[in-house]
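final-v6.pdb (PDB, C-alpha atoms and all ligand atoms)
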```pdb
MODEL        1
ATOM      1  CA  MET N 964     -20.501 -23.413  16.145
ATOM      2  CA  ALA N 965     -17.695 -21.241  17.533
ATOM      3  CA  THR N 966     -18.340 -17.539  17.211
ATOM      4  CA  THR N 967     -14.817 -16.451  18.129
ATOM      5  CA  LYS N 968     -11.395 -17.456  16.924
ATOM      6  CA  ASP N 969      -7.974 -16.899  18.437
ATOM      7  CA  ILE N 970      -5.622 -15.377  15.927
ATOM      8  CA  ARG N 971      -1.948 -14.529  15.952
ATOM      9  CA  LEU N 972      -0.664 -12.182  13.264
ATOM     10  CA  LYS N 973       1.976  -9.614  12.559
ATOM     11  CA  VAL N 974       0.960  -6.102  11.643
ATOM     12  CA  ASN N 975       3.706  -3.684  10.661
ATOM     13  CA  GLY N 976       6.222  -6.045  12.228
ATOM     14  CA  VAL N 977       4.444  -6.230  15.584
ATOM     15  CA  GLU N 978       2.932  -9.513  16.709
ATOM     16  CA  TYR N 979      -0.633  -9.491  18.015
ATOM     17  CA  VAL N 980      -2.640 -12.264  19.617
ATOM     18  CA  ARG N 981      -6.347 -11.634  19.817
ATOM     19  CA  SER N 982      -9.655 -13.396  20.113
ATOM     20  CA  VAL N 983     -11.945 -12.132  17.359
ATOM     21  CA  ASP N 984     -15.556 -12.576  16.430
ATOM     22  CA  VAL N 985     -15.450 -14.771  13.334
ATOM     23  CA  ARG N 986     -17.529 -12.187  11.468
ATOM     24  CA  THR N 987     -15.123  -9.297  12.123
ATOM     25  CA  LEU N 988     -13.767  -7.766   8.946
ATOM     26  CA  LEU N 989     -10.014  -7.355   8.719
ATOM     27  CA  LEU N 990     -10.700  -3.663   8.058
ATOM     28  CA  ASP N 991     -12.588  -3.272  11.336
ATOM     29  CA  PHE N 992     -10.006  -5.323  13.219
ATOM     30  CA  ILE N 993      -7.205  -3.058  11.984
ATOM     31  CA  ARG N 994      -9.073   0.166  12.675
ATOM     32  CA  GLU N 995     -10.951  -0.647  15.860
ATOM     33  CA  GLU N 996      -8.980  -3.366  17.626
ATOM     34  CA  LEU N 997      -5.487  -2.206  16.654
ATOM     35  CA  GLN N 998      -6.397   1.499  16.375
ATOM     36  CA  LEU N 999      -4.527   1.777  13.076
ATOM     37  CA  THR N1000      -6.951   4.201  11.502
ATOM     38  CA  GLY N1001      -4.804   5.078   8.504
ATOM     39  CA  THR N1002      -6.545   2.269   6.633
ATOM     40  CA  HIS N1003      -9.773   3.880   5.509
ATOM     41  CA  ALA N1004     -13.274   2.487   5.235
ATOM     42  CA  GLY N1005     -14.878   3.738   2.041
ATOM     43  CA  CYS N1006     -17.390   1.661   0.120
ATOM     44  CA  GLU N1007     -16.862  -1.490   2.214
ATOM     45  CA  HIS N1008     -17.791  -3.469  -0.898
ATOM     46  CA  GLY N1009     -14.412  -3.951  -2.559
ATOM     47  CA  VAL N1010     -14.877  -1.122  -5.040
ATOM     48  CA  CYS N1011     -12.938   1.961  -3.927
ATOM     49  CA  GLY N1012      -9.597   0.569  -2.713
ATOM     50  CA  ALA N1013      -9.406   2.899   0.310
ATOM     51  CA  CYS N1014      -9.010  -0.089   2.643
ATOM     52  CA  THR N1015      -6.051  -1.635   0.783
ATOM     53  CA  VAL N1016      -3.315  -3.238   2.881
ATOM     54  CA  LEU N1017      -0.541  -5.678   2.012
ATOM     55  CA  LEU N1018      -1.118  -9.259   3.108
ATOM     56  CA  ASN N1019       2.148 -11.171   2.882
ATOM     57  CA  GLY N1020       3.262  -8.533   0.386
ATOM     58  CA  LYS N1021       0.181  -8.669  -1.831
ATOM     59  CA  SER N1022      -2.332  -5.863  -1.949
ATOM     60  CA  VAL N1023      -5.756  -6.894  -0.691
ATOM     61  CA  ARG N1024      -8.967  -5.135   0.270
ATOM     62  CA  SER N1025      -9.330  -5.448   3.979
ATOM     63  CA  CYS N1026     -13.092  -4.919   3.687
ATOM     64  CA  LEU N1027     -13.374  -8.212   1.823
ATOM     65  CA  LEU N1028     -11.427 -10.330   4.299
ATOM     66  CA  LEU N1029     -12.220 -11.560   7.761
ATOM     67  CA  ALA N1030      -9.742 -11.059  10.568
ATOM     68  CA  ALA N1031     -10.020 -14.799  11.229
ATOM     69  CA  GLN N1032      -8.574 -15.443   7.765
ATOM     70  CA  VAL N1033      -5.257 -13.764   8.517
ATOM     71  CA  HIS N1034      -4.237 -16.084  11.350
ATOM     72  CA  ARG N1035      -0.449 -16.554  11.152
ATOM     73  CA  GLU N1036      -0.171 -14.027   8.318
ATOM     74  CA  GLU N1037       1.652 -10.746   7.965
ATOM     75  CA  VAL N1038      -0.100  -7.460   7.280
ATOM     76  CA  LEU N1039       1.397  -4.117   6.348
ATOM     77  CA  THR N1040      -0.726  -0.995   6.715
ATOM     78  CA  VAL N1041       0.062   2.564   5.720
ATOM     79  CA  GLU N1042       1.415   3.192   9.229
ATOM     80  CA  GLY N1043       4.150   0.680   8.457
ATOM     81  CA  LEU N1044       5.573   2.541   5.456
ATOM     82  CA  ALA N1045       7.599   5.168   7.293
ATOM     83  CA  THR N1046      10.816   4.140   9.046
ATOM     84  CA  ASN N1047      11.845   5.842  12.290
ATOM     85  CA  GLY N1048       9.550   8.741  11.511
ATOM     86  CA  GLN N1049      10.977   9.188   8.011
ATOM     87  CA  LEU N1050       8.505   9.036   5.156
ATOM     88  CA  SER N1051       9.062   6.313   2.591
ATOM     89  CA  LYS N1052      10.126   7.162  -0.956
ATOM     90  CA  LEU N1053       6.561   6.759  -2.130
ATOM     91  CA  GLN N1054       5.164   8.977   0.591
ATOM     92  CA  ASN N1055       7.732  11.631  -0.200
ATOM     93  CA  ALA N1056       6.902  11.417  -3.901
ATOM     94  CA  PHE N1057       3.192  11.860  -3.139
ATOM     95  CA  TRP N1058       4.057  14.930  -1.097
ATOM     96  CA  LYS N1059       6.354  16.346  -3.779
ATOM     97  CA  HIS N1060       3.853  15.821  -6.640
ATOM     98  CA  HIS N1061       0.817  17.017  -4.644
ATOM     99  CA  ALA N1062      -0.695  13.592  -5.221
ATOM    100  CA  LEU N1063      -3.305  14.046  -2.532
ATOM    101  CA  GLN N1064      -5.924  16.581  -1.589
ATOM    102  CA  CYS N1065      -8.395  15.356   1.010
ATOM    103  CA  GLY N1066      -6.187  12.278   1.493
ATOM    104  CA  PHE N1067      -9.004   9.809   1.958
ATOM    105  CA  CYS N1068      -7.852   7.566  -0.885
ATOM    106  CA  THR N1069      -4.140   8.040  -0.211
ATOM    107  CA  PRO N1070      -3.423   5.087   2.114
ATOM    108  CA  GLY N1071      -5.012   2.728  -0.399
ATOM    109  CA  PHE N1072      -3.031   4.182  -3.310
ATOM    110  CA  LEU N1073       0.187   4.027  -1.314
ATOM    111  CA  MET N1074      -0.289   0.375  -0.427
ATOM    112  CA  THR N1075      -1.217  -0.655  -3.975
ATOM    113  CA  ALA N1076       1.769   1.279  -5.311
ATOM    114  CA  GLN N1077       4.038  -0.188  -2.624
ATOM    115  CA  GLU N1078       3.339  -3.644  -3.963
ATOM    116  CA  LEU N1079       4.535  -2.458  -7.391
ATOM    117  CA  VAL N1080       7.629  -0.890  -5.858
ATOM    118  CA  ASN N1081       8.380  -4.110  -3.985
ATOM    119  CA  LYS N1082       8.042  -6.146  -7.164
ATOM    120  CA  GLY N1083      10.664  -3.947  -8.756
ATOM    121  CA  GLU N1084       9.396  -4.573 -12.283
ATOM    122  CA  GLU N1085       9.651  -1.978 -15.000
ATOM    123  CA  ILE N1086       6.215  -0.613 -15.757
ATOM    124  CA  GLY N1087       5.036   2.029 -18.212
ATOM    125  CA  GLU N1088       2.449   4.708 -17.593
ATOM    126  CA  GLU N1089      -0.353   2.818 -19.285
ATOM    127  CA  ASP N1090       0.249  -0.351 -17.258
ATOM    128  CA  LEU N1091       0.608   1.706 -14.106
ATOM    129  CA  ARG N1092      -2.766   3.323 -14.716
ATOM    130  CA  GLU N1093      -4.244  -0.137 -15.093
ATOM    131  CA  ALA N1094      -2.524  -1.396 -11.941
ATOM    132  CA  LEU N1095      -3.971   1.516  -9.964
ATOM    133  CA  ALA N1096      -7.403   1.376 -11.596
ATOM    134  CA  GLY N1097      -8.885  -0.367  -8.568
ATOM    135  CA  ASN N1098      -8.220   2.655  -6.393
ATOM    136  CA  LEU N1099     -10.595   5.572  -6.723
ATOM    137  CA  CYS N1100      -9.814   9.220  -6.052
ATOM    138  CA  ARG N1101     -12.406  11.964  -6.157
ATOM    139  CA  CYS N1102      -9.984  14.871  -5.874
ATOM    140  CA  THR N1103      -6.704  14.721  -7.754
ATOM    141  CA  GLY N1104      -7.632  13.707 -11.298
ATOM    142  CA  TYR N1105      -5.059  10.889 -10.894
ATOM    143  CA  GLN N1106      -2.250  12.547 -12.886
ATOM    144  CA  PRO N1107      -0.126  13.608  -9.891
ATOM    145  CA  ILE N1108      -0.547  10.151  -8.355
ATOM    146  CA  ILE N1109       0.701   8.537 -11.567
ATOM    147  CA  GLU N1110       3.636  10.955 -11.688
ATOM    148  CA  ALA N1111       4.590  10.238  -8.079
ATOM    149  CA  VAL N1112       4.551   6.469  -8.496
ATOM    150  CA  LEU N1113       6.335   6.601 -11.843
ATOM    151  CA  GLU N1114       9.068   8.709 -10.309
ATOM    152  CA  VAL N1115       9.738   6.132  -7.599
ATOM    153  CA  LEU N1116       9.569   3.201  -9.998
ATOM    154  CA  SER N1117      11.934   4.809 -12.491
ATOM    155  CA  SER N1118      14.360   5.884  -9.755
ATOM    156  CA  GLN N1119      14.612   2.234  -8.720
ATOM    157  CA  PHE N1120      15.672   1.334 -12.232
ATOM    158  CA  LEU N1121      18.196   4.123 -12.421
ATOM    159  CA  SER N1122      19.819   3.002  -9.185
ATOM    160  CA  ALA N1123      19.705  -0.670 -10.236
ATOM    161  CA  ASP N1124      21.389   0.243 -13.545
ATOM    162  CA  ALA N1125      23.966   2.340 -11.758
ATOM    163  CA  GLU N1126      24.762  -0.538  -9.409
ATOM    164  CA  SER N1127      25.165  -2.949 -12.297
ATOM    165  CA  GLY N1128      27.528  -0.481 -13.982
ATOM    166  CA  SER N1129      25.367   0.195 -17.023
ATOM    167  CA  ILE N1130      25.226   3.901 -16.178
ATOM    168  CA  ASP N1131      28.432   5.817 -15.583
ATOM    169  CA  SER N1132      28.929   8.509 -12.980
ATOM    170  CA  THR N1133      27.810  11.213 -15.385
ATOM    171  CA  GLY N1134      24.531   9.421 -16.035
ATOM    172  CA  GLY N1135      25.581   8.192 -19.483
ATOM    173  CA  CYS N1136      25.638   4.570 -20.613
ATOM    174  CA  SER N1137      28.912   2.793 -19.983
ATOM    175  CA  ALA N1138      28.289   0.254 -22.778
TER
HETATM  176  S1  LIG N1201     -13.617   0.151   1.603
HETATM  177 FE1  LIG N1201     -12.731  -1.660   0.812
HETATM  178  S2  LIG N1201     -12.749  -1.377  -1.334
HETATM  179 FE2  LIG N1201     -13.819   0.346  -0.562
HETATM  180  S1  LIG N1202      -7.305  12.899  -2.456
HETATM  181 FE1  LIG N1202      -9.426  13.038  -1.981
HETATM  182  S2  LIG N1202     -10.219  11.149  -2.672
HETATM  183 FE2  LIG N1202      -8.186  11.131  -3.385
ENDMDL
END
```

Spell out the structure here as structure tokens.
Ligand code: FES
Ligand code: FES
Amino acid sequence: MATTKDIRLKVNGVEYVRSVDVRTLLLDFIREELQLTGTHAGCEHGVCGACTVLLNGKSVRSCLLLAAQVHREEVLTVEGLATNGQLSKLQNAFWKHHALQCGFCTPGFLMTAQELVNKGEEIGEEDLREALAGNLCRCTGYQPIIEAVLEVLSSQFLSADAESGSIDSTGGCSA
């Protein structure tokens, strides 16, 4: 039985071709082979969410996947959020709301929240708390994280409303 597999995948828009041991976790592949150490290894049992990345736009725990499983797939890690050295809206909101302390959990929270931002669906605080419940933080007490993500989500709706003309230039409803 083959113990290695050739894989081709895109990570943060860059294509990689590698031969991997079939037992290599995606988490270890990202951190050790690609040297993208922003994705953190916490529990390594699918519990803490620190290893979260987006796989074809969906948040997954890279400690529960094998690198061999992502052949021909697209992965986004926390390093892929900033553009030309500029923090993303979510990263800026985390900074503004002091939504991190030690920062160990932060990449995982950012990637889970990025999936929500990409979906562009309206979501209330209670549902947001549920959506982020799979990510654990030992420092912040969660409130600033919730505030940061809510701010980005609600700003998307404000700009979408403004574009559709339902909000006038003064911020009032045009209906
Ligand atoms: S390291 Fe993957 S869920 Fe904790
Ligand atoms: S900021 Fe330390 S674990 Fe979340």

Give me the residues of chain N that have any atom at most 10 Å from an atom of ligand LIG 1201 (chain N); for each, the nearest atom pair and the distance in Å, rounded to one decimal. Use all atoms listed in the file, sort by chain and number, and format it as CSV.
```
residue,atom,partner,partner_atom,distance
N:Leu990,CA,N:LIG1201,FE1,7.8
N:Thr1002,CA,N:LIG1201,S1,8.9
N:His1003,CA,N:LIG1201,S1,6.6
N:Ala1004,CA,N:LIG1201,S1,4.3
N:Gly1005,CA,N:LIG1201,S1,3.8
N:Cys1006,CA,N:LIG1201,FE2,3.9
N:Glu1007,CA,N:LIG1201,S1,3.7
N:His1008,CA,N:LIG1201,S2,5.5
N:Gly1009,CA,N:LIG1201,S2,3.3
N:Val1010,CA,N:LIG1201,S2,4.3
N:Cys1011,CA,N:LIG1201,FE2,3.8
N:Gly1012,CA,N:LIG1201,S2,4.0
N:Ala1013,CA,N:LIG1201,FE2,5.2
N:Cys1014,CA,N:LIG1201,FE1,4.4
N:Thr1015,CA,N:LIG1201,FE1,6.7
N:Val1016,CA,N:LIG1201,FE1,9.8
N:Val1023,CA,N:LIG1201,FE1,8.8
N:Arg1024,CA,N:LIG1201,FE1,5.2
N:Ser1025,CA,N:LIG1201,FE1,6.0
N:Cys1026,CA,N:LIG1201,FE1,4.4
N:Leu1027,CA,N:LIG1201,FE1,6.7
N:Leu1028,CA,N:LIG1201,FE1,9.4
N:Cys1068,CA,N:LIG1201,FE2,9.4
N:Gly1071,CA,N:LIG1201,S2,8.8
N:Gly1097,CA,N:LIG1201,S2,8.3
N:Asn1098,CA,N:LIG1201,S2,7.9
N:Leu1099,CA,N:LIG1201,FE2,8.7
```

Could you pull out the residues sitting within 10 Å of ligand LIG 1202 (chain N), using only C-alpha atoms and all ligand atoms, and write them as a PDB file with C-alpha atoms, in the coordinates of the input?
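Resulting contents of pocket_38.pdb:
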```pdb
ATOM      1  CA  GLY N1005     -14.878   3.738   2.041  1.00  0.00           C
ATOM      2  CA  CYS N1011     -12.938   1.961  -3.927  1.00  0.00           C
ATOM      3  CA  ALA N1013      -9.406   2.899   0.310  1.00  0.00           C
ATOM      4  CA  HIS N1061       0.817  17.017  -4.644  1.00  0.00           C
ATOM      5  CA  ALA N1062      -0.695  13.592  -5.221  1.00  0.00           C
ATOM      6  CA  LEU N1063      -3.305  14.046  -2.532  1.00  0.00           C
ATOM      7  CA  GLN N1064      -5.924  16.581  -1.589  1.00  0.00           C
ATOM      8  CA  CYS N1065      -8.395  15.356   1.010  1.00  0.00           C
ATOM      9  CA  GLY N1066      -6.187  12.278   1.493  1.00  0.00           C
ATOM     10  CA  PHE N1067      -9.004   9.809   1.958  1.00  0.00           C
ATOM     11  CA  CYS N1068      -7.852   7.566  -0.885  1.00  0.00           C
ATOM     12  CA  THR N1069      -4.140   8.040  -0.211  1.00  0.00           C
ATOM     13  CA  PRO N1070      -3.423   5.087   2.114  1.00  0.00           C
ATOM     14  CA  GLY N1071      -5.012   2.728  -0.399  1.00  0.00           C
ATOM     15  CA  PHE N1072      -3.031   4.182  -3.310  1.00  0.00           C
ATOM     16  CA  ASN N1098      -8.220   2.655  -6.393  1.00  0.00           C
ATOM     17  CA  LEU N1099     -10.595   5.572  -6.723  1.00  0.00           C
ATOM     18  CA  CYS N1100      -9.814   9.220  -6.052  1.00  0.00           C
ATOM     19  CA  ARG N1101     -12.406  11.964  -6.157  1.00  0.00           C
ATOM     20  CA  CYS N1102      -9.984  14.871  -5.874  1.00  0.00           C
ATOM     21  CA  THR N1103      -6.704  14.721  -7.754  1.00  0.00           C
ATOM     22  CA  GLY N1104      -7.632  13.707 -11.298  1.00  0.00           C
ATOM     23  CA  TYR N1105      -5.059  10.889 -10.894  1.00  0.00           C
ATOM     24  CA  ILE N1108      -0.547  10.151  -8.355  1.00  0.00           C
TER      25      ILE N1108
END
```

With 12 Å as the cut-off and all atoms listed in the file counted, what is the closest atom pair between each nearby residue of region 1011-1049 of chain N and region 1053-1057 of chain N? Distances in Å to one decimal, ordered by chain and number, as CSV.
```
residue,atom,partner,partner_atom,distance
N:Val1041,CA,N:Gln1054,CA,9.7
N:Glu1042,CA,N:Gln1054,CA,11.1
N:Gly1043,CA,N:Gln1054,CA,11.5
N:Leu1044,CA,N:Gln1054,CA,8.1
N:Ala1045,CA,N:Gln1054,CA,8.1
N:Thr1046,CA,N:Gln1054,CA,11.3
N:Gly1048,CA,N:Gln1054,CA,11.8
N:Gln1049,CA,N:Asn1055,CA,9.2
```

Residues from last step as file, C-alpha atoms, as an mmCIF file, in the coordinates of the input:
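selection-v6.cif was written with the following content:
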```
data_model
loop_
_atom_site.group_PDB
_atom_site.id
_atom_site.type_symbol
_atom_site.label_atom_id
_atom_site.label_comp_id
_atom_site.auth_asym_id
_atom_site.auth_seq_id
_atom_site.Cartn_x
_atom_site.Cartn_y
_atom_site.Cartn_z
ATOM 1 C CA VAL N 1041 0.062 2.564 5.720
ATOM 2 C CA GLU N 1042 1.415 3.192 9.229
ATOM 3 C CA GLY N 1043 4.150 0.680 8.457
ATOM 4 C CA LEU N 1044 5.573 2.541 5.456
ATOM 5 C CA ALA N 1045 7.599 5.168 7.293
ATOM 6 C CA THR N 1046 10.816 4.140 9.046
ATOM 7 C CA GLY N 1048 9.550 8.741 11.511
ATOM 8 C CA GLN N 1049 10.977 9.188 8.011
#
```

Answer key for the PyMOL selection byres (((chain N and resi 969-984) around 8) and not hetatm), residues as a ChimeraX atom specification: /N:966-968,985-987,1030-1031,1033-1040,1042-1043

With C-alpha atoms retained, export the selected residues as a PDB file, keeping the file's coordinate frame.
```
ATOM      1  CA  THR N 966     -18.340 -17.539  17.211  1.00  0.00           C
ATOM      2  CA  THR N 967     -14.817 -16.451  18.129  1.00  0.00           C
ATOM      3  CA  LYS N 968     -11.395 -17.456  16.924  1.00  0.00           C
ATOM      4  CA  VAL N 985     -15.450 -14.771  13.334  1.00  0.00           C
ATOM      5  CA  ARG N 986     -17.529 -12.187  11.468  1.00  0.00           C
ATOM      6  CA  THR N 987     -15.123  -9.297  12.123  1.00  0.00           C
ATOM      7  CA  ALA N1030      -9.742 -11.059  10.568  1.00  0.00           C
ATOM      8  CA  ALA N1031     -10.020 -14.799  11.229  1.00  0.00           C
ATOM      9  CA  VAL N1033      -5.257 -13.764   8.517  1.00  0.00           C
ATOM     10  CA  HIS N1034      -4.237 -16.084  11.350  1.00  0.00           C
ATOM     11  CA  ARG N1035      -0.449 -16.554  11.152  1.00  0.00           C
ATOM     12  CA  GLU N1036      -0.171 -14.027   8.318  1.00  0.00           C
ATOM     13  CA  GLU N1037       1.652 -10.746   7.965  1.00  0.00           C
ATOM     14  CA  VAL N1038      -0.100  -7.460   7.280  1.00  0.00           C
ATOM     15  CA  LEU N1039       1.397  -4.117   6.348  1.00  0.00           C
ATOM     16  CA  THR N1040      -0.726  -0.995   6.715  1.00  0.00           C
ATOM     17  CA  GLU N1042       1.415   3.192   9.229  1.00  0.00           C
ATOM     18  CA  GLY N1043       4.150   0.680   8.457  1.00  0.00           C
TER      19      GLY N1043
END
```

Resolved residues for the PyMOL selection byres (((chain N and resi 1075-1086) around 7) and not hetatm) as a list in words: Thr1015, Gly1020, Lys1021, Ser1022, Gly1071, Phe1072, Leu1073, Met1074, Gly1087, Glu1088, Asp1090, Leu1091, Leu1095, Val1112 and Leu1116 of chain N

Atom-to-atom span, CA of Gln1106 (chain N) and CA of Thr1000 (chain N), Å: 26.2 Å

Using all atoms listed in the file: which of N:Gly1001, N:Lys1059, N:Leu989, N:Ser1051 has the shortest distance to Leu1029 (chain N):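 Result for the nearest residue to Leu1029 (chain N): N:Leu989.
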
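The spacing separating CA of Leu988 (chain N) from CA of Asn1047 (chain N) amounts to 29.2 Å.
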
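Put simply, CA of Glu1114 (chain N) is 13.7 Å away from CA of Arg1092 (chain N).
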
Taking the structure I provided as the source, export region 1010-1049 of chain N with C-alpha atoms, as a compact mmCIF listing (two decimals), in the first residue's frame.
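Okay, part_13.txt is ready:
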```txt
# COMPACT_ATOMS: atom_id res chain seq x y z
CA VAL N 1010 -12.32 20.52 20.11
CA CYS N 1011 -10.69 23.96 20.39
CA GLY N 1012 -10.96 25.40 16.86
CA ALA N 1013 -7.45 26.92 16.92
CA CYS N 1014 -6.54 25.04 13.73
CA THR N 1015 -9.52 26.30 11.69
CA VAL N 1016 -8.92 27.10 8.02
CA LEU N 1017 -11.29 27.56 5.09
CA LEU N 1018 -11.46 24.65 2.67
CA ASN N 1019 -13.18 25.78 -0.51
CA GLY N 1020 -14.74 28.54 1.58
CA LYS N 1021 -16.00 26.32 4.40
CA SER N 1022 -14.45 26.37 7.83
CA VAL N 1023 -12.83 23.07 8.76
CA ARG N 1024 -10.51 21.83 11.49
CA SER N 1025 -7.21 21.11 9.89
CA CYS N 1026 -6.33 18.72 12.72
CA LEU N 1027 -9.12 16.41 11.59
CA LEU N 1028 -8.17 16.26 7.92
CA LEU N 1029 -5.31 14.62 6.11
CA ALA N 1030 -3.24 16.60 3.65
CA ALA N 1031 -3.93 13.84 1.13
CA GLN N 1032 -7.64 14.69 1.32
CA VAL N 1033 -7.20 18.22 -0.01
CA HIS N 1034 -5.76 17.22 -3.38
CA ARG N 1035 -7.07 19.71 -5.97
CA GLU N 1036 -8.76 21.80 -3.28
CA GLU N 1037 -8.34 25.37 -2.16
CA VAL N 1038 -7.32 26.34 1.36
CA LEU N 1039 -7.32 29.76 2.98
CA THR N 1040 -5.32 30.27 6.16
CA VAL N 1041 -5.12 33.31 8.39
CA GLU N 1042 -2.09 34.50 6.41
CA GLY N 1043 -4.39 34.88 3.42
CA LEU N 1044 -6.76 37.37 5.04
CA ALA N 1045 -4.67 40.51 4.65
CA THR N 1046 -4.29 42.08 1.21
CA ASN N 1047 -1.02 43.77 0.24
CA GLY N 1048 -0.09 44.08 3.88
CA GLN N 1049 -3.42 45.66 4.81
```
